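Data from protein.cif: mmCIF, C-alpha atoms
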```cif
data_query
#
loop_
_atom_site.label_atom_id
_atom_site.label_comp_id
_atom_site.auth_asym_id
_atom_site.auth_seq_id
_atom_site.Cartn_x
_atom_site.Cartn_y
_atom_site.Cartn_z
CA MET A 1 27.27 -19.87 20.75
CA ASN A 2 30.72 -20.27 19.28
CA ALA A 3 30.20 -17.80 16.45
CA PHE A 4 29.92 -14.96 18.98
CA ARG A 5 32.91 -15.79 21.17
CA GLU A 6 34.56 -12.67 19.77
CA THR A 7 32.98 -9.46 21.04
CA ARG A 8 34.02 -7.95 17.69
CA VAL A 9 31.59 -10.21 15.83
CA LEU A 10 28.75 -9.26 18.17
CA THR A 11 29.32 -5.52 17.80
CA GLU A 12 29.73 -5.78 14.05
CA ALA A 13 26.39 -7.57 13.86
CA ALA A 14 24.79 -4.96 16.12
CA LEU A 15 26.08 -2.05 14.03
CA ALA A 16 24.97 -3.80 10.84
CA ILE A 17 21.47 -4.04 12.35
CA ALA A 18 21.52 -0.35 13.27
CA LEU A 19 22.70 0.55 9.77
CA ALA A 20 19.99 -1.63 8.23
CA PHE A 21 17.42 0.21 10.29
CA VAL A 22 18.75 3.63 9.32
CA LEU A 23 18.75 2.68 5.62
CA GLY A 24 15.22 1.31 6.04
CA LEU A 25 14.07 4.74 7.19
CA LEU A 26 14.75 6.18 3.75
CA PRO A 27 12.49 4.02 1.61
CA ALA A 28 11.93 4.90 -2.00
CA PHE A 29 8.45 3.44 -2.03
CA LYS A 30 6.22 2.01 0.72
CA MET A 31 3.69 -0.73 0.01
CA PRO A 32 0.19 -0.48 1.56
CA PHE A 33 0.37 -3.80 3.51
CA GLY A 34 3.97 -3.50 4.67
CA GLY A 35 7.20 -3.93 2.74
CA SER A 36 8.99 -1.32 0.70
CA ILE A 37 11.67 -0.93 -1.94
CA SER A 38 14.59 -0.06 0.29
CA LEU A 39 18.22 -0.60 1.15
CA GLU A 40 17.64 -2.21 4.55
CA MET A 41 18.75 -5.70 3.49
CA ILE A 42 22.19 -4.56 2.30
CA PRO A 43 24.04 -4.41 5.66
CA LEU A 44 22.58 -7.76 6.74
CA ILE A 45 23.67 -9.45 3.49
CA LEU A 46 27.13 -7.88 3.86
CA LEU A 47 27.36 -9.15 7.42
CA ALA A 48 26.44 -12.68 6.35
CA LEU A 49 29.07 -12.61 3.59
CA ARG A 50 31.71 -11.33 6.02
CA GLN A 51 30.90 -13.44 9.08
CA GLY A 52 29.18 -16.54 7.75
CA PRO A 53 25.66 -17.97 7.84
CA VAL A 54 25.26 -18.37 11.64
CA VAL A 55 26.06 -14.75 12.48
CA GLY A 56 24.08 -13.56 9.47
CA THR A 57 20.99 -15.51 10.47
CA VAL A 58 21.09 -14.57 14.16
CA ALA A 59 21.56 -10.89 13.26
CA GLY A 60 18.67 -11.15 10.81
CA VAL A 61 16.45 -12.61 13.53
CA ALA A 62 17.50 -9.81 15.89
CA TYR A 63 16.74 -7.22 13.21
CA GLY A 64 13.34 -8.81 12.73
CA PHE A 65 12.57 -8.52 16.45
CA LEU A 66 13.83 -4.94 16.50
CA ASP A 67 11.63 -4.03 13.56
CA LEU A 68 8.70 -5.73 15.29
CA VAL A 69 9.35 -3.84 18.53
CA ILE A 70 9.64 -0.45 16.84
CA ASP A 71 7.04 -0.71 14.11
CA PRO A 72 4.69 -3.68 14.53
CA PHE A 73 2.33 -4.81 11.77
CA ILE A 74 0.37 -7.73 13.20
CA VAL A 75 -2.60 -9.33 11.51
CA HIS A 76 -2.04 -13.01 12.32
CA PRO A 77 0.18 -14.93 14.80
CA VAL A 78 1.86 -17.03 12.09
CA GLN A 79 2.29 -13.94 9.93
CA VAL A 80 4.28 -12.25 12.73
CA LEU A 81 6.85 -15.06 12.85
CA LEU A 82 7.15 -15.29 9.08
CA ASP A 83 7.31 -11.56 8.37
CA TYR A 84 9.76 -10.57 11.08
CA PRO A 85 12.32 -13.00 12.58
CA LEU A 86 12.14 -15.64 9.85
CA ALA A 87 12.07 -13.33 6.82
CA PHE A 88 15.14 -11.39 7.94
CA GLY A 89 16.84 -14.48 9.36
CA ALA A 90 16.66 -15.88 5.83
CA LEU A 91 19.06 -13.15 4.71
CA GLY A 92 21.76 -15.13 6.57
CA LEU A 93 21.64 -17.59 3.66
CA ALA A 94 24.06 -15.23 1.90
CA GLY A 95 26.70 -16.48 4.35
CA PHE A 96 26.85 -19.85 2.59
CA PHE A 97 28.57 -18.12 -0.33
CA PRO A 98 32.19 -16.94 -0.44
CA PRO A 99 32.92 -13.21 0.01
CA SER A 100 33.76 -12.70 -3.67
CA VAL A 101 31.99 -10.80 -6.46
CA ARG A 102 30.35 -14.00 -7.68
CA GLY A 103 29.51 -15.09 -4.14
CA ALA A 104 28.03 -11.68 -3.34
CA ILE A 105 25.76 -11.80 -6.39
CA LEU A 106 24.65 -15.40 -5.85
CA GLY A 107 24.41 -14.93 -2.08
CA SER A 108 22.28 -11.78 -2.32
CA THR A 109 19.95 -13.47 -4.77
CA VAL A 110 19.52 -16.59 -2.64
CA ALA A 111 19.10 -14.50 0.53
CA VAL A 112 16.43 -12.27 -0.97
CA PHE A 113 14.71 -15.33 -2.41
CA GLY A 114 14.66 -16.82 1.10
CA ARG A 115 13.05 -13.66 2.41
CA PHE A 116 10.58 -13.76 -0.47
CA VAL A 117 9.52 -17.31 0.45
CA CYS A 118 8.77 -16.19 4.04
CA HIS A 119 6.70 -13.18 2.98
CA PHE A 120 5.00 -15.27 0.30
CA LEU A 121 3.90 -17.91 2.83
CA SER A 122 2.81 -15.20 5.25
CA GLY A 123 0.71 -13.64 2.48
CA VAL A 124 -0.95 -16.96 1.74
CA VAL A 125 -1.72 -17.55 5.44
CA PHE A 126 -3.09 -14.05 5.76
CA PHE A 127 -5.27 -14.23 2.67
CA SER A 128 -6.63 -17.66 3.44
CA SER A 129 -7.70 -16.48 6.89
CA TYR A 130 -9.37 -13.33 5.52
CA ALA A 131 -10.69 -15.18 2.47
CA TRP A 132 -11.26 -12.63 -0.24
CA LYS A 133 -13.43 -14.46 -2.69
CA GLY A 134 -12.33 -14.82 -6.29
CA TRP A 135 -8.65 -14.12 -5.60
CA SER A 136 -5.98 -16.76 -5.76
CA PRO A 137 -4.01 -16.11 -2.54
CA ALA A 138 -0.81 -17.67 -3.91
CA ALA A 139 -0.71 -15.60 -7.10
CA TYR A 140 -1.59 -12.40 -5.30
CA SER A 141 1.00 -12.91 -2.57
CA ALA A 142 3.72 -13.77 -5.12
CA VAL A 143 3.06 -10.69 -7.24
CA TYR A 144 2.73 -8.39 -4.24
CA ASN A 145 5.95 -9.50 -2.56
CA ALA A 146 8.00 -9.75 -5.76
CA GLY A 147 6.83 -6.21 -6.52
CA TYR A 148 9.11 -4.67 -3.91
CA LEU A 149 11.67 -7.45 -3.38
CA VAL A 150 12.86 -7.69 -7.00
CA PRO A 151 13.71 -3.96 -7.29
CA SER A 152 15.29 -4.09 -3.80
CA LEU A 153 17.41 -7.06 -4.91
CA LEU A 154 18.57 -5.25 -8.08
CA ILE A 155 19.66 -2.27 -5.99
CA ALA A 156 21.34 -4.58 -3.46
CA LEU A 157 23.31 -6.34 -6.23
CA VAL A 158 24.81 -3.04 -7.40
CA VAL A 159 25.64 -1.84 -3.89
CA VAL A 160 26.69 -5.04 -2.06
CA VAL A 161 29.54 -5.79 -4.47
CA ALA A 162 30.92 -2.26 -4.11
CA LEU A 163 30.61 -2.27 -0.31
CA LEU A 164 32.13 -5.74 0.11
CA LYS A 165 35.22 -4.58 -1.80
CA ALA A 166 35.44 -1.36 0.20
CA LEU A 167 35.20 -3.24 3.52
CA GLU A 168 37.76 -5.81 2.41
CA GLY A 169 40.19 -2.95 1.88
CA ALA A 170 39.35 -1.00 5.05
CA GLN A 171 38.61 -3.77 7.54
CA PRO A 172 38.72 -7.33 6.24
CA SER A 173 36.94 -9.98 8.31
CA PRO A 174 38.69 -13.29 9.12
CA ARG A 175 36.43 -14.98 6.58
CA GLN A 176 37.44 -12.51 3.88
CA LEU A 177 41.15 -12.99 4.69
CA ARG A 178 40.79 -16.76 4.58
CA TYR A 179 39.07 -16.50 1.22
CA ARG A 180 41.77 -14.19 -0.11
CA HIS A 181 44.51 -16.60 0.98
CA SER A 182 42.76 -19.58 -0.54
CA THR A 183 42.55 -17.88 -3.93
CA THR A 184 46.05 -16.38 -4.06
CA SER A 185 48.02 -19.41 -2.86
CA MET B 1 16.19 11.96 15.14
CA THR B 2 16.72 10.94 18.74
CA SER B 3 16.24 7.56 20.37
CA ARG B 4 13.21 8.99 22.11
CA SER B 5 11.36 9.75 18.91
CA LEU B 6 12.20 6.31 17.56
CA GLY B 7 9.22 4.03 17.23
CA GLN B 8 6.00 4.56 19.11
CA PHE B 9 7.06 4.64 22.73
CA TYR B 10 5.04 7.27 24.61
CA PRO B 11 6.82 7.94 27.91
CA VAL B 12 4.31 8.86 30.63
CA ALA B 13 3.72 7.39 34.07
CA SER B 14 0.94 4.82 34.25
CA VAL B 15 0.07 1.42 35.66
CA VAL B 16 0.49 -0.13 32.22
CA HIS B 17 3.92 1.45 31.67
CA GLU B 18 5.15 0.09 34.99
CA LEU B 19 4.25 -3.53 34.35
CA ASP B 20 7.09 -5.97 33.78
CA PRO B 21 7.90 -6.04 30.03
CA ARG B 22 7.84 -9.86 30.12
CA ALA B 23 4.28 -9.83 31.42
CA LYS B 24 3.29 -7.34 28.72
CA ILE B 25 4.94 -9.32 25.93
CA ALA B 26 3.33 -12.55 27.17
CA ALA B 27 -0.08 -10.87 27.43
CA THR B 28 0.29 -9.43 23.93
CA ALA B 29 1.25 -12.81 22.49
CA MET B 30 -1.73 -14.43 24.23
CA LEU B 31 -4.09 -11.78 22.89
CA VAL B 32 -2.76 -11.96 19.32
CA ALA B 33 -3.17 -15.74 19.25
CA GLY B 34 -6.35 -15.71 21.34
CA LEU B 35 -8.17 -13.20 19.13
CA PHE B 36 -8.30 -15.91 16.46
CA LEU B 37 -10.27 -18.13 18.84
CA VAL B 38 -12.93 -15.48 19.37
CA ASP B 39 -15.49 -16.30 16.70
CA SER B 40 -18.35 -13.94 17.45
CA THR B 41 -18.65 -10.20 16.93
CA ARG B 42 -19.99 -9.94 20.48
CA GLY B 43 -16.82 -11.58 21.80
CA LEU B 44 -14.62 -9.16 19.84
CA LEU B 45 -16.64 -6.19 21.10
CA PHE B 46 -16.08 -7.38 24.66
CA VAL B 47 -12.31 -7.62 24.12
CA ALA B 48 -12.43 -4.18 22.47
CA ALA B 49 -14.16 -2.72 25.53
CA ALA B 50 -11.49 -4.20 27.78
CA LEU B 51 -8.82 -2.74 25.51
CA VAL B 52 -10.37 0.73 25.61
CA ALA B 53 -10.25 0.58 29.40
CA LEU B 54 -6.60 -0.47 29.20
CA VAL B 55 -5.71 2.40 26.85
CA ALA B 56 -7.41 4.80 29.25
CA ALA B 57 -5.35 3.32 32.11
CA SER B 58 -2.16 3.78 30.08
CA HIS B 59 -2.62 7.60 30.00
CA ILE B 60 -1.91 7.67 26.26
CA PRO B 61 -4.06 10.38 24.63
CA ALA B 62 -6.75 8.86 22.41
CA ARG B 63 -5.53 10.85 19.41
CA THR B 64 -1.97 9.54 19.78
CA PHE B 65 -3.25 6.02 20.12
CA LEU B 66 -5.52 6.26 17.08
CA ARG B 67 -2.52 7.39 15.03
CA LEU B 68 -1.04 3.91 15.62
CA LEU B 69 -3.94 2.45 13.68
CA ARG B 70 -3.34 4.52 10.55
CA PRO B 71 -0.97 2.03 8.82
CA VAL B 72 -3.72 -0.62 8.64
CA LEU B 73 -6.55 1.72 7.69
CA PHE B 74 -6.20 0.88 4.00
CA LEU B 75 -6.23 -2.85 4.78
CA VAL B 76 -9.34 -2.48 6.94
CA VAL B 77 -11.23 -0.50 4.32
CA LEU B 78 -10.29 -2.98 1.59
CA THR B 79 -11.29 -5.98 3.73
CA VAL B 80 -14.71 -4.51 4.47
CA LEU B 81 -15.21 -3.50 0.84
CA PHE B 82 -14.41 -6.99 -0.47
CA GLN B 83 -16.65 -8.74 2.03
CA VAL B 84 -19.51 -6.37 1.44
CA LEU B 85 -19.28 -6.45 -2.35
CA PHE B 86 -18.53 -10.11 -2.98
CA SER B 87 -20.22 -12.04 -0.19
CA ARG B 88 -23.54 -13.59 -1.14
CA GLU B 89 -24.45 -14.92 2.30
CA GLY B 90 -27.54 -13.92 4.25
CA GLY B 91 -30.48 -11.92 3.01
CA MET B 92 -30.02 -9.31 0.28
CA LEU B 93 -30.27 -5.77 1.60
CA PHE B 94 -29.49 -3.68 -1.45
CA GLU B 95 -29.11 -4.18 -5.19
CA TRP B 96 -27.84 -1.85 -7.91
CA SER B 97 -26.87 -3.17 -11.36
CA ILE B 98 -24.16 -5.78 -10.66
CA PHE B 99 -23.75 -4.85 -6.99
CA GLU B 100 -25.52 -6.77 -4.28
CA ILE B 101 -25.05 -6.20 -0.60
CA HIS B 102 -25.93 -9.07 1.70
CA SER B 103 -26.32 -9.02 5.46
CA GLY B 104 -23.80 -11.87 5.84
CA GLY B 105 -21.16 -9.85 4.01
CA LEU B 106 -21.73 -6.81 6.17
CA ARG B 107 -21.50 -8.87 9.32
CA LEU B 108 -18.33 -10.70 8.22
CA GLY B 109 -16.73 -7.48 6.99
CA PHE B 110 -17.35 -5.79 10.33
CA PHE B 111 -16.03 -8.84 12.21
CA LEU B 112 -12.79 -9.03 10.19
CA ALA B 113 -12.20 -5.28 10.34
CA LEU B 114 -12.67 -5.29 14.10
CA ARG B 115 -10.25 -8.19 14.47
CA ILE B 116 -7.53 -6.43 12.45
CA LEU B 117 -8.01 -3.23 14.44
CA LEU B 118 -7.80 -5.14 17.73
CA LEU B 119 -4.62 -6.99 16.68
CA VAL B 120 -2.92 -3.73 15.73
CA SER B 121 -4.14 -1.99 18.89
CA VAL B 122 -2.81 -4.74 21.12
CA ALA B 123 0.63 -4.61 19.49
CA GLY B 124 0.53 -0.81 19.47
CA LEU B 125 -0.30 -0.64 23.16
CA LEU B 126 2.74 -2.81 23.96
CA THR B 127 5.17 -0.67 21.98
CA ALA B 128 3.60 2.60 23.15
CA THR B 129 3.89 1.71 26.85
CA THR B 130 7.26 -0.09 26.87
CA ALA B 131 10.67 1.42 26.06
CA PRO B 132 12.47 -0.47 23.26
CA VAL B 133 15.38 -1.33 25.57
CA ALA B 134 12.98 -2.82 28.15
CA LEU B 135 11.39 -4.82 25.34
CA ALA B 136 14.80 -6.16 24.32
CA ASP B 137 15.46 -7.23 27.94
CA GLY B 138 12.05 -8.89 28.07
CA ILE B 139 12.66 -10.71 24.80
CA GLU B 140 16.00 -11.98 26.13
CA ASP B 141 14.35 -13.48 29.21
CA LEU B 142 11.45 -14.96 27.29
CA LEU B 143 13.75 -16.49 24.67
CA SER B 144 16.26 -17.82 27.18
CA PRO B 145 14.56 -21.25 27.49
CA LEU B 146 15.59 -21.63 23.84
CA LYS B 147 19.23 -21.63 24.99
CA TRP B 148 18.67 -25.36 25.48
CA VAL B 149 18.58 -25.73 21.71
CA ARG B 150 21.59 -23.37 21.48
CA PHE B 151 19.57 -20.33 20.43
CA PRO B 152 21.75 -17.29 21.31
CA ALA B 153 19.09 -15.36 23.27
CA HIS B 154 21.59 -13.10 25.02
CA GLU B 155 23.34 -12.18 21.78
CA VAL B 156 20.06 -11.36 20.03
CA ALA B 157 18.99 -9.05 22.87
CA MET B 158 22.45 -7.48 23.13
CA MET B 159 22.45 -6.74 19.39
CA MET B 160 19.03 -5.14 19.68
CA THR B 161 20.14 -2.96 22.59
CA ILE B 162 23.38 -1.84 20.89
CA ALA B 163 21.52 -1.24 17.62
CA LEU B 164 18.94 0.93 19.41
CA ARG B 165 21.77 2.98 20.90
CA PHE B 166 23.47 3.51 17.52
CA ILE B 167 20.49 4.10 15.23
CA PRO B 168 20.39 7.86 16.01
CA THR B 169 24.19 8.13 15.69
CA LEU B 170 24.26 6.42 12.31
CA GLY B 171 21.21 8.38 11.18
CA GLU B 172 23.04 11.62 11.89
CA GLU B 173 26.11 10.34 10.10
CA ALA B 174 24.03 9.34 7.06
CA GLU B 175 22.60 12.84 6.92
CA LYS B 176 26.03 14.46 7.22
CA ILE B 177 27.55 12.32 4.45
CA THR B 178 24.56 12.85 2.16
CA ARG B 179 24.92 16.63 2.58
CA ALA B 180 28.65 16.47 2.01
CA GLN B 181 28.19 14.54 -1.24
CA ALA B 182 25.37 16.83 -2.35
CA ALA B 183 27.71 19.78 -1.78
CA ARG B 184 30.12 18.09 -4.17
CA GLY B 185 27.37 17.93 -6.79
CA ALA B 186 25.94 14.44 -6.20
CA ASP B 187 22.36 14.09 -7.38
CA PHE B 188 20.16 11.47 -5.69
CA SER B 189 16.80 12.29 -7.24
CA GLU B 190 17.45 11.80 -10.95
CA GLY B 191 17.02 8.70 -13.10
CA GLY B 192 15.53 5.25 -12.48
CA PRO B 193 16.01 3.16 -9.34
CA LEU B 194 19.22 1.56 -10.63
CA ARG B 195 20.83 4.87 -11.45
CA ARG B 196 19.78 6.22 -8.09
CA ALA B 197 21.26 3.15 -6.42
CA ARG B 198 24.56 3.81 -8.16
CA ALA B 199 24.42 7.45 -7.04
CA LEU B 200 24.05 6.21 -3.45
CA VAL B 201 27.30 4.21 -3.49
CA PRO B 202 29.44 7.29 -2.62
CA VAL B 203 27.23 7.79 0.45
CA LEU B 204 26.99 4.14 1.45
CA VAL B 205 30.72 3.38 1.28
CA PRO B 206 31.83 5.89 3.96
CA LEU B 207 28.70 5.20 6.02
CA THR B 208 29.24 1.43 6.04
CA VAL B 209 32.99 1.54 6.54
CA GLY B 210 32.43 4.03 9.37
CA ALA B 211 29.81 1.82 11.02
CA PHE B 212 32.01 -1.28 10.87
CA ARG B 213 34.99 0.68 12.24
CA ARG B 214 32.78 1.91 15.09
CA ALA B 215 31.89 -1.74 15.81
CA ASP B 216 35.57 -2.52 16.16
CA GLU B 217 36.12 0.33 18.61
CA LEU B 218 33.02 -0.62 20.56
CA ALA B 219 34.25 -4.19 20.95
CA GLU B 220 37.54 -2.86 22.28
CA ALA B 221 35.73 -0.59 24.74
CA MET B 222 33.41 -3.37 25.93
CA GLU B 223 36.21 -5.88 26.44
CA SER B 224 38.36 -3.40 28.33
CA ARG B 225 35.39 -2.91 30.67
CA GLY B 226 35.19 -6.65 31.24
CA TYR B 227 32.46 -7.80 28.85
CA ARG B 228 32.79 -11.56 28.39
CA GLY B 229 29.50 -12.60 26.82
CA GLY B 230 26.17 -13.31 28.47
CA GLU B 231 27.30 -15.97 30.95
CA GLY B 232 26.87 -14.70 34.51
CA ARG B 233 26.24 -11.12 33.38
CA THR B 234 24.14 -8.94 35.69
CA ARG B 235 21.93 -6.02 34.71
CA TYR B 236 21.85 -2.44 35.86
CA ARG B 237 18.07 -2.53 35.94
CA GLU B 238 16.80 -5.93 37.01
CA LEU B 239 13.37 -6.97 35.79
CA ARG B 240 11.08 -7.91 38.62
CA PHE B 241 7.93 -9.95 38.19
CA ARG B 242 5.50 -8.66 40.84
CA THR B 243 2.03 -9.59 42.00
CA ARG B 244 0.48 -6.94 39.76
CA ASP B 245 2.12 -8.58 36.72
CA ALA B 246 0.51 -11.88 37.64
CA ILE B 247 -2.81 -10.07 38.10
CA ALA B 248 -2.44 -8.44 34.67
CA LEU B 249 -1.82 -11.83 33.06
CA GLY B 250 -4.80 -13.29 34.93
CA ILE B 251 -7.08 -10.51 33.68
CA THR B 252 -5.84 -11.06 30.13
CA VAL B 253 -6.71 -14.74 30.29
CA LEU B 254 -10.09 -13.93 31.81
CA VAL B 255 -10.95 -11.36 29.12
CA LEU B 256 -10.00 -13.79 26.37
CA LEU B 257 -12.00 -16.58 27.98
CA VAL B 258 -15.11 -14.43 28.18
CA GLY B 259 -14.51 -13.27 24.59
CA VAL B 260 -14.31 -16.85 23.35
CA LEU B 261 -17.41 -17.92 25.27
CA LEU B 262 -19.57 -14.97 24.20
#
```

Can you turn what I pasted into structure tokens?
Amino acid sequence: MNAFRETRVLTEAALAIALAFVLGLLPAFKMPFGGSISLEMIPLILLALRQGPVVGTVAGVAYGFLDLVIDPFIVHPVQVLLDYPLAFGALGLAGFFPPSVRGAILGSTVAVFGRFVCHFLSGVVFFSSYAWKGWSPAAYSAVYNAGYLVPSLLIALVVVVALLKALEGAQPSPRQLRYRHSTTS
Amino acid sequence: MTSRSLGQFYPVASVVHELDPRAKIAATAMLVAGLFLVDSTRGLLFVAAALVALVAASHIPARTFLRLLRPVLFLVVLTVLFQVLFSREGGMLFEWSIFEIHSGGLRLGFFLALRILLLVSVAGLLTATTAPVALADGIEDLLSPLKWVRFPAHEVAMMMTIALRFIPTLGEEAEKITRAQAARGADFSEGGPLRRARALVPVLVPLTVGAFRRADELAEAMESRGYRGGEGRTRYRELRFRTRDAIALGITVLVLLVGVLL
């Protein structure tokens, strides 16, 4: 894969995954069926903004597998795919936006929405297979997943912008440098 | 927090621990998918009996294993409750004002609860008997056919392995920085979530910048030791697929087959 020809990109992605996991260990609020208001998405969104959509997506998939390996929550085969590799892979969508303040805000929103879609579908699959009568699976899944993803997104918006700036100063990625040149020249 | 206490891995010597991680992952995947083909309670009970035997063979204390099931307890209770209270199938067993309990609901509730418990047990047994690094190696091998569609299997596994190595390090660092900021008067427990998020920025900035700098140094160290990507790379511990792994897979298929037919 061309995106990983540089070892630097690989290690940055790996450390972002480790950081995401560490931040995920301090959740503010855990939901009964998995999912919590937490900071875990922030390093993965940052990585996507710094290294582009391919690296962001692959790292998200790897984070999903890591999460699955360490702390599995399996109730349905399709649910496993949607809730782990695909949901976190969706965070790579942030990489389609430029590493600017506007791009960070739009990118985070789109990325978290992508993750929401995965968890939403997984919820519908799960509910339709366990068939609780009198509940609309779609409405329930939407409310349940938005319940922790919307607050997580709001927190991410505050933090991602600050961190992107800090990293641009301390250790700009090639993508950030390219963006800076294209706006100053 | 050490890498040993991370996750659910329970390091003891047993037949199950020594199986090839690829065989265990494949067996787990087969069981998770296969449990949805088992459509009778008798079939599920048979698979459950086989699983109990497997847990016994894994030398994991029953109490430790049961702790793995705690996260889904709420889900199980709720599933049973909904089936029992709202199902109107089968003969009525009990009636009290608006509540009716039917035999069909009881049966379905038990069936669904058992299936959830089995799914979680199967996944739990895999992670309890296999070290995370071995699982990452297994995932790399099992995903490598996807290299044909340019899926970076090696990179995904490498990231998982490096991440596992650095989770304890970064965890320690996070704790150190949090204490340092608290000593300077930072308050992380006051106000709403947004205010708390803003209070976290002074912790997250040094933590993130430090992590990304560490990544840079690690890349340098890896390249100076000759790392050039996954092509042609050998492993310190080679995975070996032995006869007993094939036997384990065969037994898994057999158990599922009997479960489906029962």

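What the PyMOL selection byres ((chain B) within 6 of (chain A)) picks from this file is B:Gly7, B:Ala33, B:Ile116, B:Val120, B:Val156, B:Met159, B:Ile162, B:Ala163, B:Ile167, B:Gly171, B:Ala197, B:Val205, B:Phe212, B:Ala215, B:Asp216, B:Ala219.
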
Requested write-out: C-alpha atoms of the selected residues, as an mmCIF file, in the coordinates of the input:
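Saved as part_36.cif:
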```
data_model
loop_
_atom_site.group_PDB
_atom_site.id
_atom_site.type_symbol
_atom_site.label_atom_id
_atom_site.label_comp_id
_atom_site.auth_asym_id
_atom_site.auth_seq_id
_atom_site.Cartn_x
_atom_site.Cartn_y
_atom_site.Cartn_z
ATOM 1 C CA GLY B 7 9.220 4.030 17.230
ATOM 2 C CA ALA B 33 -3.170 -15.740 19.250
ATOM 3 C CA ILE B 116 -7.530 -6.430 12.450
ATOM 4 C CA VAL B 120 -2.920 -3.730 15.730
ATOM 5 C CA VAL B 156 20.060 -11.360 20.030
ATOM 6 C CA MET B 159 22.450 -6.740 19.390
ATOM 7 C CA ILE B 162 23.380 -1.840 20.890
ATOM 8 C CA ALA B 163 21.520 -1.240 17.620
ATOM 9 C CA ILE B 167 20.490 4.100 15.230
ATOM 10 C CA GLY B 171 21.210 8.380 11.180
ATOM 11 C CA ALA B 197 21.260 3.150 -6.420
ATOM 12 C CA VAL B 205 30.720 3.380 1.280
ATOM 13 C CA PHE B 212 32.010 -1.280 10.870
ATOM 14 C CA ALA B 215 31.890 -1.740 15.810
ATOM 15 C CA ASP B 216 35.570 -2.520 16.160
ATOM 16 C CA ALA B 219 34.250 -4.190 20.950
#
```

Residue members of the PyMOL selection byres ((chain B and resi 123) around 9) in the file shown, as a VMD selection string: (chain A and resid 69 72 to 74) or (chain B and resid 28 to 29 32 118 to 122 124 to 128)

Selection as a ChimeraX atom specification: residues within 12 Å of (-14.8, -2.9, 10.7), counting only C-alpha atoms: /B:41,44-45,72-84,105-118

Arg178 in chain A environment, 12 Å, only C-alpha atoms, sequence neighbours closer than 2 positions dropped, as a PyMOL selection string: chain A and resi 50-51+98-100+168+172-176+180-185

Sphere at (20.6, -14.1, 3.7), radius 6 Å, counting only C-alpha atoms: residues as a VMD selection string: chain A and resid 45 90 to 94 111

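Computed from the coordinates, the CA of Leu86 in chain A to CA of Thr252 in chain B distance equals 27.5 Å.
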
Between CA of Val52 in chain B and CA of Ser128 in chain A - distance in Å to one decimal: 29.0 Å

Two-atom distance - CA of Ser141 in chain A, CA of Gly56 in chain A (Å): 26.0 Å

The PyMOL selection byres ((chain B and resi 177) around 12) resolved against shown file, as a PyMOL selection string: chain B and resi 170-176+178-184+186+200-208+210

Surrounding residues of Ala153 in chain B excluding itself and chain neighbours under 2 positions, 10 Å, all atoms listed in the file, as a PyMOL selection string: (chain A and resi 1+58+62) or (chain B and resi 139-147+150-151+155-158+230)

With N, CA and C atoms as the target, complete range 129-139 of chain B and hand it back as an mmCIF file, in the frame of the given file.
```cif
data_model
loop_
_atom_site.group_PDB
_atom_site.id
_atom_site.type_symbol
_atom_site.label_atom_id
_atom_site.label_comp_id
_atom_site.auth_asym_id
_atom_site.auth_seq_id
_atom_site.Cartn_x
_atom_site.Cartn_y
_atom_site.Cartn_z
ATOM 1 N N THR B 129 3.727 1.610 25.398
ATOM 2 C CA THR B 129 3.890 1.710 26.850
ATOM 3 C C THR B 129 5.208 1.118 27.337
ATOM 4 N N THR B 130 6.034 0.566 26.435
ATOM 5 C CA THR B 130 7.260 -0.090 26.870
ATOM 6 C C THR B 130 8.433 0.459 26.070
ATOM 7 N N ALA B 131 9.487 0.909 26.757
ATOM 8 C CA ALA B 131 10.670 1.420 26.060
ATOM 9 C C ALA B 131 11.315 0.287 25.274
ATOM 10 N N PRO B 132 11.856 0.579 24.081
ATOM 11 C CA PRO B 132 12.470 -0.470 23.260
ATOM 12 C C PRO B 132 13.533 -1.271 24.010
ATOM 13 N N VAL B 133 14.336 -0.601 24.850
ATOM 14 C CA VAL B 133 15.380 -1.330 25.570
ATOM 15 C C VAL B 133 14.765 -2.315 26.564
ATOM 16 N N ALA B 134 13.677 -1.913 27.230
ATOM 17 C CA ALA B 134 12.980 -2.820 28.150
ATOM 18 C C ALA B 134 12.414 -4.003 27.375
ATOM 19 N N LEU B 135 11.917 -3.736 26.160
ATOM 20 C CA LEU B 135 11.390 -4.820 25.340
ATOM 21 C C LEU B 135 12.501 -5.809 24.976
ATOM 22 N N ALA B 136 13.686 -5.282 24.664
ATOM 23 C CA ALA B 136 14.800 -6.160 24.320
ATOM 24 C C ALA B 136 15.165 -7.041 25.510
ATOM 25 N N ASP B 137 15.188 -6.447 26.728
ATOM 26 C CA ASP B 137 15.460 -7.230 27.940
ATOM 27 C C ASP B 137 14.400 -8.317 28.123
ATOM 28 N N GLY B 138 13.141 -7.930 27.923
ATOM 29 C CA GLY B 138 12.050 -8.890 28.070
ATOM 30 C C GLY B 138 12.171 -10.025 27.085
ATOM 31 N N ILE B 139 12.516 -9.678 25.831
ATOM 32 C CA ILE B 139 12.660 -10.710 24.800
ATOM 33 C C ILE B 139 13.788 -11.667 25.169
#
```
